[in-house]
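Next up, structure_32.tsv (TSV, N, CA and C atoms):
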chain	number	residue	atom	x	y	z
A	1	GLN	N	2.06	-14.61	15.54
A	1	GLN	CA	1.32	-14.72	14.30
A	1	GLN	C	1.69	-13.55	13.39
A	2	VAL	N	1.27	-13.67	12.13
A	2	VAL	CA	1.58	-12.64	11.14
A	2	VAL	C	0.67	-11.44	11.37
A	3	GLN	N	1.28	-10.27	11.36
A	3	GLN	CA	0.50	-9.03	11.44
A	3	GLN	C	1.08	-8.01	10.49
A	4	LEU	N	0.19	-7.37	9.75
A	4	LEU	CA	0.53	-6.20	8.95
A	4	LEU	C	-0.37	-5.08	9.47
A	5	VAL	N	0.23	-4.07	10.06
A	5	VAL	CA	-0.54	-3.02	10.71
A	5	VAL	C	-0.32	-1.71	9.99
A	6	GLU	N	-1.41	-1.19	9.40
A	6	GLU	CA	-1.34	0.06	8.66
A	6	GLU	C	-1.64	1.25	9.58
A	7	SER	N	-1.08	2.38	9.22
A	7	SER	CA	-1.37	3.63	9.92
A	7	SER	C	-1.20	4.78	8.94
A	8	GLY	N	-1.72	5.95	9.32
A	8	GLY	CA	-1.48	7.15	8.54
A	8	GLY	C	-2.60	7.59	7.63
A	9	GLY	N	-3.71	6.87	7.61
A	9	GLY	CA	-4.82	7.30	6.77
A	9	GLY	C	-5.51	8.52	7.33
A	10	GLY	N	-6.55	8.95	6.65
A	10	GLY	CA	-7.30	10.09	7.13
A	10	GLY	C	-8.03	10.78	6.01
A	11	SER	N	-8.43	12.01	6.29
A	11	SER	CA	-9.18	12.81	5.34
A	11	SER	C	-8.35	14.01	4.92
A	12	VAL	N	-8.38	14.31	3.63
A	12	VAL	CA	-7.55	15.39	3.11
A	12	VAL	C	-8.27	16.02	1.93
A	13	GLN	N	-7.98	17.27	1.66
A	13	GLN	CA	-8.56	17.95	0.52
A	13	GLN	C	-7.82	17.57	-0.76
A	14	PRO	N	-8.47	17.69	-1.90
A	14	PRO	CA	-7.77	17.44	-3.17
A	14	PRO	C	-6.50	18.27	-3.26
A	15	GLY	N	-5.46	17.63	-3.77
A	15	GLY	CA	-4.16	18.29	-3.85
A	15	GLY	C	-3.29	18.07	-2.62
A	16	GLY	N	-3.86	17.53	-1.58
A	16	GLY	CA	-3.12	17.29	-0.35
A	16	GLY	C	-2.31	16.01	-0.40
A	17	SER	N	-1.65	15.72	0.73
A	17	SER	CA	-0.77	14.56	0.82
A	17	SER	C	-1.07	13.76	2.07
A	18	LEU	N	-0.81	12.47	1.97
A	18	LEU	CA	-0.85	11.57	3.12
A	18	LEU	C	0.28	10.57	2.96
A	19	ARG	N	0.74	10.05	4.08
A	19	ARG	CA	1.76	8.99	4.05
A	19	ARG	C	1.23	7.82	4.85
A	20	LEU	N	1.07	6.70	4.18
A	20	LEU	CA	0.64	5.47	4.84
A	20	LEU	C	1.86	4.66	5.24
A	21	SER	N	1.73	3.99	6.38
A	21	SER	CA	2.82	3.15	6.86
A	21	SER	C	2.27	1.76	7.20
A	22	CYS	N	3.07	0.75	6.97
A	22	CYS	CA	2.69	-0.62	7.29
A	22	CYS	C	3.86	-1.29	8.00
A	23	LYS	N	3.59	-1.77	9.19
A	23	LYS	CA	4.62	-2.45	9.99
A	23	LYS	C	4.29	-3.94	10.00
A	24	ALA	N	5.22	-4.76	9.57
A	24	ALA	CA	5.02	-6.20	9.51
A	24	ALA	C	5.70	-6.90	10.68
A	25	SER	N	5.07	-7.96	11.15
A	25	SER	CA	5.67	-8.82	12.16
A	25	SER	C	5.24	-10.25	11.89
A	26	GLY	N	6.06	-11.19	12.34
A	26	GLY	CA	5.72	-12.59	12.16
A	26	GLY	C	6.09	-13.16	10.81
A	27	ILE	N	6.72	-12.38	9.96
A	27	ILE	CA	7.18	-12.86	8.65
A	27	ILE	C	8.63	-12.46	8.45
A	28	ASP	N	9.31	-13.19	7.56
A	28	ASP	CA	10.67	-12.81	7.19
A	28	ASP	C	10.54	-11.79	6.07
A	29	PHE	N	10.42	-10.55	6.48
A	29	PHE	CA	9.99	-9.45	5.62
A	29	PHE	C	10.78	-9.36	4.33
A	30	LYS	N	12.06	-9.51	4.41
A	30	LYS	CA	12.91	-9.24	3.24
A	30	LYS	C	12.63	-10.20	2.08
A	31	TYR	N	12.00	-11.33	2.34
A	31	TYR	CA	11.73	-12.29	1.28
A	31	TYR	C	10.40	-12.05	0.57
A	32	TYR	N	9.62	-11.08	1.04
A	32	TYR	CA	8.32	-10.83	0.45
A	32	TYR	C	8.34	-9.60	-0.45
A	33	THR	N	7.55	-9.68	-1.48
A	33	THR	CA	7.17	-8.49	-2.23
A	33	THR	C	6.08	-7.79	-1.42
A	34	MET	N	6.23	-6.49	-1.22
A	34	MET	CA	5.27	-5.73	-0.43
A	34	MET	C	4.49	-4.79	-1.34
A	35	SER	N	3.19	-4.77	-1.14
A	35	SER	CA	2.33	-3.99	-2.03
A	35	SER	C	1.32	-3.19	-1.23
A	36	TRP	N	0.78	-2.19	-1.90
A	36	TRP	CA	-0.38	-1.45	-1.41
A	36	TRP	C	-1.50	-1.65	-2.43
A	37	PHE	N	-2.65	-2.07	-1.91
A	37	PHE	CA	-3.86	-2.19	-2.70
A	37	PHE	C	-4.87	-1.16	-2.18
A	38	ARG	N	-5.85	-0.86	-3.02
A	38	ARG	CA	-6.95	-0.06	-2.52
A	38	ARG	C	-8.26	-0.63	-3.05
A	39	GLN	N	-9.31	-0.34	-2.31
A	39	GLN	CA	-10.63	-0.85	-2.67
A	39	GLN	C	-11.67	0.23	-2.41
A	40	VAL	N	-12.58	0.38	-3.37
A	40	VAL	CA	-13.72	1.26	-3.18
A	40	VAL	C	-14.96	0.37	-3.12
A	41	PRO	N	-16.02	0.86	-2.46
A	41	PRO	CA	-17.23	0.03	-2.34
A	41	PRO	C	-17.74	-0.45	-3.69
A	42	GLY	N	-18.05	-1.72	-3.77
A	42	GLY	CA	-18.61	-2.28	-5.00
A	42	GLY	C	-17.57	-2.75	-6.00
A	43	LYS	N	-16.30	-2.56	-5.68
A	43	LYS	CA	-15.24	-2.98	-6.61
A	43	LYS	C	-14.23	-3.85	-5.89
A	44	GLY	N	-13.46	-4.58	-6.67
A	44	GLY	CA	-12.40	-5.41	-6.10
A	44	GLY	C	-11.19	-4.59	-5.73
A	45	ARG	N	-10.28	-5.23	-5.05
A	45	ARG	CA	-9.03	-4.55	-4.67
A	45	ARG	C	-8.12	-4.43	-5.88
A	46	GLU	N	-7.53	-3.26	-6.03
A	46	GLU	CA	-6.58	-3.05	-7.11
A	46	GLU	C	-5.23	-2.68	-6.50
A	47	ARG	N	-4.19	-3.21	-7.10
A	47	ARG	CA	-2.86	-2.89	-6.63
A	47	ARG	C	-2.48	-1.51	-7.15
A	48	VAL	N	-2.07	-0.63	-6.24
A	48	VAL	CA	-1.64	0.70	-6.67
A	48	VAL	C	-0.13	0.83	-6.71
A	49	SER	N	0.56	0.04	-5.89
A	49	SER	CA	2.02	0.10	-5.89
A	49	SER	C	2.58	-1.17	-5.30
A	50	CYS	N	3.79	-1.49	-5.70
A	50	CYS	CA	4.40	-2.75	-5.33
A	50	CYS	C	5.91	-2.55	-5.25
A	51	PHE	N	6.55	-3.24	-4.32
A	51	PHE	CA	8.01	-3.14	-4.22
A	51	PHE	C	8.58	-4.54	-4.00
A	52	SER	N	9.18	-5.07	-5.07
A	52	SER	CA	9.90	-6.33	-4.95
A	52	SER	C	11.38	-5.96	-4.85
A	53	THR	N	12.04	-5.85	-5.99
A	53	THR	CA	13.41	-5.34	-6.00
A	53	THR	C	13.45	-3.88	-6.43
A	54	ALA	N	12.32	-3.40	-6.96
A	54	ALA	CA	12.19	-2.01	-7.40
A	54	ALA	C	10.72	-1.64	-7.30
A	55	PRO	N	10.42	-0.35	-7.21
A	55	PRO	CA	9.02	0.05	-7.10
A	55	PRO	C	8.30	0.02	-8.44
A	56	THR	N	7.02	-0.32	-8.40
A	56	THR	CA	6.16	-0.22	-9.57
A	56	THR	C	4.86	0.46	-9.14
A	57	TYR	N	4.18	1.06	-10.11
A	57	TYR	CA	2.98	1.85	-9.81
A	57	TYR	C	1.91	1.61	-10.86
A	58	ALA	N	0.66	1.66	-10.40
A	58	ALA	CA	-0.44	1.67	-11.35
A	58	ALA	C	-0.42	2.99	-12.10
A	59	ASN	N	-0.91	2.98	-13.32
A	59	ASN	CA	-0.89	4.20	-14.14
A	59	ASN	C	-1.63	5.35	-13.45
A	60	ALA	N	-2.69	5.02	-12.73
A	60	ALA	CA	-3.51	6.07	-12.12
A	60	ALA	C	-2.77	6.86	-11.05
A	61	VAL	N	-1.70	6.30	-10.50
A	61	VAL	CA	-1.01	6.98	-9.40
A	61	VAL	C	0.44	7.33	-9.75
A	62	LYS	N	0.87	6.93	-10.93
A	62	LYS	CA	2.26	7.17	-11.32
A	62	LYS	C	2.56	8.66	-11.31
A	63	GLY	N	3.69	9.02	-10.71
A	63	GLY	CA	4.07	10.42	-10.63
A	63	GLY	C	3.52	11.13	-9.41
A	64	ARG	N	2.57	10.50	-8.71
A	64	ARG	CA	1.99	11.13	-7.51
A	64	ARG	C	2.28	10.33	-6.25
A	65	PHE	N	2.38	9.03	-6.37
A	65	PHE	CA	2.63	8.15	-5.22
A	65	PHE	C	4.06	7.63	-5.28
A	66	ALA	N	4.62	7.36	-4.10
A	66	ALA	CA	5.94	6.75	-4.02
A	66	ALA	C	5.94	5.72	-2.89
A	67	ILE	N	6.49	4.56	-3.19
A	67	ILE	CA	6.55	3.48	-2.20
A	67	ILE	C	7.97	3.32	-1.71
A	68	PHE	N	8.10	3.08	-0.41
A	68	PHE	CA	9.41	2.89	0.20
A	68	PHE	C	9.34	1.65	1.09
A	69	ARG	N	10.38	0.88	1.10
A	69	ARG	CA	10.44	-0.23	2.03
A	69	ARG	C	11.75	-0.18	2.80
A	70	ASP	N	11.69	-0.59	4.05
A	70	ASP	CA	12.86	-0.64	4.90
A	70	ASP	C	12.93	-2.04	5.50
A	71	ASN	N	13.77	-2.87	4.95
A	71	ASN	CA	13.83	-4.26	5.42
A	71	ASN	C	14.34	-4.35	6.85
A	72	SER	N	15.16	-3.40	7.28
A	72	SER	CA	15.69	-3.45	8.65
A	72	SER	C	14.60	-3.20	9.69
A	73	ARG	N	13.56	-2.47	9.28
A	73	ARG	CA	12.46	-2.15	10.20
A	73	ARG	C	11.19	-2.90	9.85
A	74	SER	N	11.22	-3.69	8.78
A	74	SER	CA	10.04	-4.44	8.32
A	74	SER	C	8.85	-3.51	8.07
A	75	THR	N	9.14	-2.42	7.38
A	75	THR	CA	8.08	-1.45	7.08
A	75	THR	C	8.03	-1.16	5.59
A	76	VAL	N	6.84	-0.84	5.15
A	76	VAL	CA	6.64	-0.34	3.80
A	76	VAL	C	5.71	0.87	3.90
A	77	GLU	N	6.06	1.93	3.21
A	77	GLU	CA	5.30	3.17	3.29
A	77	GLU	C	4.87	3.61	1.90
A	78	LEU	N	3.77	4.35	1.88
A	78	LEU	CA	3.26	4.88	0.64
A	78	LEU	C	3.05	6.38	0.81
A	79	GLN	N	3.87	7.16	0.14
A	79	GLN	CA	3.71	8.61	0.13
A	79	GLN	C	2.76	8.97	-1.00
A	80	MET	N	1.68	9.63	-0.66
A	80	MET	CA	0.65	9.97	-1.65
A	80	MET	C	0.55	11.49	-1.74
A	81	ASN	N	0.89	12.01	-2.89
A	81	ASN	CA	0.86	13.45	-3.13
A	81	ASN	C	-0.19	13.79	-4.17
A	82	ASN	N	-0.56	15.07	-4.20
A	82	ASN	CA	-1.54	15.55	-5.18
A	82	ASN	C	-2.76	14.61	-5.22
A	83	LEU	N	-3.30	14.35	-4.07
A	83	LEU	CA	-4.42	13.40	-3.97
A	83	LEU	C	-5.65	13.92	-4.69
A	84	LYS	N	-6.37	12.98	-5.28
A	84	LYS	CA	-7.59	13.29	-6.02
A	84	LYS	C	-8.77	12.58	-5.37
A	85	PRO	N	-9.99	13.07	-5.60
A	85	PRO	CA	-11.15	12.38	-5.03
A	85	PRO	C	-11.22	10.90	-5.39
A	86	GLU	N	-10.76	10.57	-6.58
A	86	GLU	CA	-10.81	9.16	-6.99
A	86	GLU	C	-9.78	8.28	-6.27
A	87	ASP	N	-8.91	8.88	-5.47
A	87	ASP	CA	-8.00	8.10	-4.64
A	87	ASP	C	-8.68	7.63	-3.35
A	88	THR	N	-9.87	8.11	-3.11
A	88	THR	CA	-10.62	7.70	-1.92
A	88	THR	C	-10.85	6.20	-1.92
A	89	GLY	N	-10.64	5.59	-0.76
A	89	GLY	CA	-10.87	4.16	-0.64
A	89	GLY	C	-10.23	3.61	0.61
A	90	THR	N	-10.32	2.30	0.74
A	90	THR	CA	-9.63	1.61	1.82
A	90	THR	C	-8.33	1.05	1.27
A	91	TYR	N	-7.24	1.37	1.91
A	91	TYR	CA	-5.92	0.95	1.46
A	91	TYR	C	-5.42	-0.20	2.32
A	92	TYR	N	-4.89	-1.20	1.64
A	92	TYR	CA	-4.41	-2.40	2.32
A	92	TYR	C	-2.94	-2.64	2.00
A	93	CYS	N	-2.20	-2.94	3.01
A	93	CYS	CA	-0.84	-3.42	2.86
A	93	CYS	C	-0.90	-4.93	2.64
A	94	ALA	N	-0.02	-5.44	1.79
A	94	ALA	CA	-0.06	-6.88	1.50
A	94	ALA	C	1.35	-7.42	1.28
A	95	ALA	N	1.53	-8.65	1.70
A	95	ALA	CA	2.79	-9.36	1.48
A	95	ALA	C	2.53	-10.47	0.48
A	96	GLU	N	3.24	-10.44	-0.64
A	96	GLU	CA	2.96	-11.41	-1.70
A	96	GLU	C	4.24	-11.92	-2.35
A	97	ASP	N	4.06	-12.82	-3.33
A	97	ASP	CA	5.21	-13.43	-3.99
A	97	ASP	C	5.84	-12.50	-5.01
A	98	ASN	N	5.01	-11.74	-5.71
A	98	ASN	CA	5.53	-10.87	-6.76
A	98	ASN	C	4.48	-9.81	-7.06
A	99	CYS	N	4.79	-8.93	-7.98
A	99	CYS	CA	3.92	-7.81	-8.30
A	99	CYS	C	2.88	-8.14	-9.37
A	100	VAL	N	2.78	-9.42	-9.70
A	100	VAL	CA	1.89	-9.79	-10.81
A	100	VAL	C	0.75	-10.70	-10.36
A	101	LYS	N	1.06	-11.64	-9.51
A	101	LYS	CA	0.12	-12.74	-9.21
A	101	LYS	C	-1.21	-12.28	-8.64
A	102	GLY	N	-1.19	-11.31	-7.72
A	102	GLY	CA	-2.44	-10.79	-7.19
A	102	GLY	C	-3.12	-11.66	-6.16
A	103	ASP	N	-2.38	-12.48	-5.48
A	103	ASP	CA	-2.95	-13.36	-4.47
A	103	ASP	C	-2.05	-13.35	-3.24
A	104	PRO	N	-2.06	-12.21	-2.51
A	104	PRO	CA	-1.13	-12.07	-1.39
A	104	PRO	C	-1.28	-13.14	-0.33
A	105	TRP	N	-0.17	-13.43	0.31
A	105	TRP	CA	-0.18	-14.35	1.44
A	105	TRP	C	-0.81	-13.71	2.66
A	106	HIS	N	-0.55	-12.44	2.85
A	106	HIS	CA	-0.99	-11.77	4.06
A	106	HIS	C	-1.51	-10.37	3.74
A	107	TRP	N	-2.54	-9.98	4.46
A	107	TRP	CA	-3.16	-8.66	4.31
A	107	TRP	C	-3.16	-7.91	5.63
A	108	GLY	N	-3.06	-6.59	5.53
A	108	GLY	CA	-3.34	-5.76	6.68
A	108	GLY	C	-4.84	-5.60	6.85
A	109	GLN	N	-5.22	-4.87	7.87
A	109	GLN	CA	-6.64	-4.72	8.18
A	109	GLN	C	-7.31	-3.65	7.34
A	110	GLY	N	-6.52	-2.84	6.68
A	110	GLY	CA	-7.06	-1.78	5.84
A	110	GLY	C	-7.14	-0.46	6.60
A	111	ILE	N	-6.99	0.62	5.87
A	111	ILE	CA	-7.06	1.95	6.46
A	111	ILE	C	-7.74	2.88	5.47
A	112	GLN	N	-8.57	3.78	6.00
A	112	GLN	CA	-9.37	4.67	5.15
A	112	GLN	C	-8.57	5.89	4.70
A	113	VAL	N	-8.74	6.20	3.43
A	113	VAL	CA	-8.25	7.46	2.86
A	113	VAL	C	-9.45	8.14	2.20
A	114	ILE	N	-9.70	9.36	2.60
A	114	ILE	CA	-10.84	10.11	2.05
A	114	ILE	C	-10.30	11.42	1.50
A	115	VAL	N	-10.59	11.66	0.24
A	115	VAL	CA	-10.16	12.90	-0.42
A	115	VAL	C	-11.41	13.64	-0.84
A	116	HIS	N	-11.66	14.76	-0.21
A	116	HIS	CA	-12.86	15.53	-0.54
A	116	HIS	C	-12.65	16.99	-0.20
A	117	SER	N	-13.33	17.82	-0.93
A	117	SER	CA	-13.20	19.26	-0.70
A	117	SER	C	-14.21	19.74	0.32
What would the structure in this file look like if it were written as structure tokens?
Amino acid sequence: QVQLVESGGGSVQPGGSLRLSCKASGIDFKYYTMSWFRQVPGKGRERVSCFSTAPTYANAVKGRFAIFRDNSRSTVELQMNNLKPEDTGTYYCAAEDNCVKGDPWHWGQGIQVIVHS
């Protein structure tokens, strides 16, 4: 079956860094656009970064986050630098058709990122 398994979350102080990783199985990874979404309590999931043929970023994370994908390993990673308290949330890896539609085929289970002093 399809699995997207995230790892690398945790708690960090403002200005710190974390690297999230997502390992996919059960899908032909190279044909999917891979994205990272995040969600805070009471709000919907927002896409923070996406990698189809090139990386894209939400304005709130541009210049601080970087997305990498490795089709040979079926992984997508999110390097998060200069973290801010507002980056706190649950981060989800997703496999979708493109960086616009917002209706992924597959989701990971989510992983917590907490930024606090």
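Nearest residue to Gln39 in chain A among A:Gln13, A:Gln3, A:Thr90, A:Gly102 is A:Thr90, counting only N, CA and C atoms.
Counting all atoms listed in the file and comparing A:His116, A:Thr53, A:Asn81, A:Ile111, the residue that lies closest to Ser7 in chain A is A:Ile111.
Of the listed residues A:Gln112, A:Asn98, A:Ser49, A:Asn59, the one whose atoms come nearest to Gly9 in chain A is A:Gln112, with distances taken using all atoms listed in the file.
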### Message
Let me make sure I understand: among A:Pro104, A:Ile114, A:Glu46, A:Gln79, which one has the smallest atom-to-atom distance to Leu20 in chain A if we use only C-alpha atoms?
### Response
A:Gln79
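Minimum atom-to-atom distance to Pro85 in chain A, evaluated using only C-alpha atoms, belongs to A:Ser117 out of A:Ser117, A:Ser21, A:Tyr57, A:Thr33.
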Could you give me, as a tab-separated table (two decimals) with N, CA and C atoms, keeping the file's coordinate frame, each residue of chain A that DSSP assigns to strand (DSSP E) when run on this structure's backbone?
chain	number	residue	atom	x	y	z
A	3	GLN	N	1.28	-10.27	11.36
A	3	GLN	CA	0.50	-9.03	11.44
A	3	GLN	C	1.08	-8.01	10.49
A	4	LEU	N	0.19	-7.37	9.75
A	4	LEU	CA	0.53	-6.20	8.95
A	4	LEU	C	-0.37	-5.08	9.47
A	5	VAL	N	0.23	-4.07	10.06
A	5	VAL	CA	-0.54	-3.02	10.71
A	5	VAL	C	-0.32	-1.71	9.99
A	6	GLU	N	-1.41	-1.19	9.40
A	6	GLU	CA	-1.34	0.06	8.66
A	6	GLU	C	-1.64	1.25	9.58
A	7	SER	N	-1.08	2.38	9.22
A	7	SER	CA	-1.37	3.63	9.92
A	7	SER	C	-1.20	4.78	8.94
A	10	GLY	N	-6.55	8.95	6.65
A	10	GLY	CA	-7.30	10.09	7.13
A	10	GLY	C	-8.03	10.78	6.01
A	11	SER	N	-8.43	12.01	6.29
A	11	SER	CA	-9.18	12.81	5.34
A	11	SER	C	-8.35	14.01	4.92
A	12	VAL	N	-8.38	14.31	3.63
A	12	VAL	CA	-7.55	15.39	3.11
A	12	VAL	C	-8.27	16.02	1.93
A	18	LEU	N	-0.81	12.47	1.97
A	18	LEU	CA	-0.85	11.57	3.12
A	18	LEU	C	0.28	10.57	2.96
A	19	ARG	N	0.74	10.05	4.08
A	19	ARG	CA	1.76	8.99	4.05
A	19	ARG	C	1.23	7.82	4.85
A	20	LEU	N	1.07	6.70	4.18
A	20	LEU	CA	0.64	5.47	4.84
A	20	LEU	C	1.86	4.66	5.24
A	21	SER	N	1.73	3.99	6.38
A	21	SER	CA	2.82	3.15	6.86
A	21	SER	C	2.27	1.76	7.20
A	22	CYS	N	3.07	0.75	6.97
A	22	CYS	CA	2.69	-0.62	7.29
A	22	CYS	C	3.86	-1.29	8.00
A	23	LYS	N	3.59	-1.77	9.19
A	23	LYS	CA	4.62	-2.45	9.99
A	23	LYS	C	4.29	-3.94	10.00
A	24	ALA	N	5.22	-4.76	9.57
A	24	ALA	CA	5.02	-6.20	9.51
A	24	ALA	C	5.70	-6.90	10.68
A	25	SER	N	5.07	-7.96	11.15
A	25	SER	CA	5.67	-8.82	12.16
A	25	SER	C	5.24	-10.25	11.89
A	33	THR	N	7.55	-9.68	-1.48
A	33	THR	CA	7.17	-8.49	-2.23
A	33	THR	C	6.08	-7.79	-1.42
A	34	MET	N	6.23	-6.49	-1.22
A	34	MET	CA	5.27	-5.73	-0.43
A	34	MET	C	4.49	-4.79	-1.34
A	35	SER	N	3.19	-4.77	-1.14
A	35	SER	CA	2.33	-3.99	-2.03
A	35	SER	C	1.32	-3.19	-1.23
A	36	TRP	N	0.78	-2.19	-1.90
A	36	TRP	CA	-0.38	-1.45	-1.41
A	36	TRP	C	-1.50	-1.65	-2.43
A	37	PHE	N	-2.65	-2.07	-1.91
A	37	PHE	CA	-3.86	-2.19	-2.70
A	37	PHE	C	-4.87	-1.16	-2.18
A	38	ARG	N	-5.85	-0.86	-3.02
A	38	ARG	CA	-6.95	-0.06	-2.52
A	38	ARG	C	-8.26	-0.63	-3.05
A	39	GLN	N	-9.31	-0.34	-2.31
A	39	GLN	CA	-10.63	-0.85	-2.67
A	39	GLN	C	-11.67	0.23	-2.41
A	46	GLU	N	-7.53	-3.26	-6.03
A	46	GLU	CA	-6.58	-3.05	-7.11
A	46	GLU	C	-5.23	-2.68	-6.50
A	47	ARG	N	-4.19	-3.21	-7.10
A	47	ARG	CA	-2.86	-2.89	-6.63
A	47	ARG	C	-2.48	-1.51	-7.15
A	48	VAL	N	-2.07	-0.63	-6.24
A	48	VAL	CA	-1.64	0.70	-6.67
A	48	VAL	C	-0.13	0.83	-6.71
A	49	SER	N	0.56	0.04	-5.89
A	49	SER	CA	2.02	0.10	-5.89
A	49	SER	C	2.58	-1.17	-5.30
A	50	CYS	N	3.79	-1.49	-5.70
A	50	CYS	CA	4.40	-2.75	-5.33
A	50	CYS	C	5.91	-2.55	-5.25
A	51	PHE	N	6.55	-3.24	-4.32
A	51	PHE	CA	8.01	-3.14	-4.22
A	51	PHE	C	8.58	-4.54	-4.00
A	55	PRO	N	10.42	-0.35	-7.21
A	55	PRO	CA	9.02	0.05	-7.10
A	55	PRO	C	8.30	0.02	-8.44
A	56	THR	N	7.02	-0.32	-8.40
A	56	THR	CA	6.16	-0.22	-9.57
A	56	THR	C	4.86	0.46	-9.14
A	57	TYR	N	4.18	1.06	-10.11
A	57	TYR	CA	2.98	1.85	-9.81
A	57	TYR	C	1.91	1.61	-10.86
A	65	PHE	N	2.38	9.03	-6.37
A	65	PHE	CA	2.63	8.15	-5.22
A	65	PHE	C	4.06	7.63	-5.28
A	66	ALA	N	4.62	7.36	-4.10
A	66	ALA	CA	5.94	6.75	-4.02
A	66	ALA	C	5.94	5.72	-2.89
A	67	ILE	N	6.49	4.56	-3.19
A	67	ILE	CA	6.55	3.48	-2.20
A	67	ILE	C	7.97	3.32	-1.71
A	68	PHE	N	8.10	3.08	-0.41
A	68	PHE	CA	9.41	2.89	0.20
A	68	PHE	C	9.34	1.65	1.09
A	69	ARG	N	10.38	0.88	1.10
A	69	ARG	CA	10.44	-0.23	2.03
A	69	ARG	C	11.75	-0.18	2.80
A	70	ASP	N	11.69	-0.59	4.05
A	70	ASP	CA	12.86	-0.64	4.90
A	70	ASP	C	12.93	-2.04	5.50
A	75	THR	N	9.14	-2.42	7.38
A	75	THR	CA	8.08	-1.45	7.08
A	75	THR	C	8.03	-1.16	5.59
A	76	VAL	N	6.84	-0.84	5.15
A	76	VAL	CA	6.64	-0.34	3.80
A	76	VAL	C	5.71	0.87	3.90
A	77	GLU	N	6.06	1.93	3.21
A	77	GLU	CA	5.30	3.17	3.29
A	77	GLU	C	4.87	3.61	1.90
A	78	LEU	N	3.77	4.35	1.88
A	78	LEU	CA	3.26	4.88	0.64
A	78	LEU	C	3.05	6.38	0.81
A	79	GLN	N	3.87	7.16	0.14
A	79	GLN	CA	3.71	8.61	0.13
A	79	GLN	C	2.76	8.97	-1.00
A	80	MET	N	1.68	9.63	-0.66
A	80	MET	CA	0.65	9.97	-1.65
A	80	MET	C	0.55	11.49	-1.74
A	89	GLY	N	-10.64	5.59	-0.76
A	89	GLY	CA	-10.87	4.16	-0.64
A	89	GLY	C	-10.23	3.61	0.61
A	90	THR	N	-10.32	2.30	0.74
A	90	THR	CA	-9.63	1.61	1.82
A	90	THR	C	-8.33	1.05	1.27
A	91	TYR	N	-7.24	1.37	1.91
A	91	TYR	CA	-5.92	0.95	1.46
A	91	TYR	C	-5.42	-0.20	2.32
A	92	TYR	N	-4.89	-1.20	1.64
A	92	TYR	CA	-4.41	-2.40	2.32
A	92	TYR	C	-2.94	-2.64	2.00
A	93	CYS	N	-2.20	-2.94	3.01
A	93	CYS	CA	-0.84	-3.42	2.86
A	93	CYS	C	-0.90	-4.93	2.64
A	94	ALA	N	-0.02	-5.44	1.79
A	94	ALA	CA	-0.06	-6.88	1.50
A	94	ALA	C	1.35	-7.42	1.28
A	95	ALA	N	1.53	-8.65	1.70
A	95	ALA	CA	2.79	-9.36	1.48
A	95	ALA	C	2.53	-10.47	0.48
A	96	GLU	N	3.24	-10.44	-0.64
A	96	GLU	CA	2.96	-11.41	-1.70
A	96	GLU	C	4.24	-11.92	-2.35
A	106	HIS	N	-0.55	-12.44	2.85
A	106	HIS	CA	-0.99	-11.77	4.06
A	106	HIS	C	-1.51	-10.37	3.74
A	107	TRP	N	-2.54	-9.98	4.46
A	107	TRP	CA	-3.16	-8.66	4.31
A	107	TRP	C	-3.16	-7.91	5.63
A	111	ILE	N	-6.99	0.62	5.87
A	111	ILE	CA	-7.06	1.95	6.46
A	111	ILE	C	-7.74	2.88	5.47
A	112	GLN	N	-8.57	3.78	6.00
A	112	GLN	CA	-9.37	4.67	5.15
A	112	GLN	C	-8.57	5.89	4.70
A	113	VAL	N	-8.74	6.20	3.43
A	113	VAL	CA	-8.25	7.46	2.86
A	113	VAL	C	-9.45	8.14	2.20
A	114	ILE	N	-9.70	9.36	2.60
A	114	ILE	CA	-10.84	10.11	2.05
A	114	ILE	C	-10.30	11.42	1.50
A	115	VAL	N	-10.59	11.66	0.24
A	115	VAL	CA	-10.16	12.90	-0.42
A	115	VAL	C	-11.41	13.64	-0.84
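When atom C of Arg73 in chain A is paired with CA of Arg19 in chain A, their separation reads 16.2 Å.
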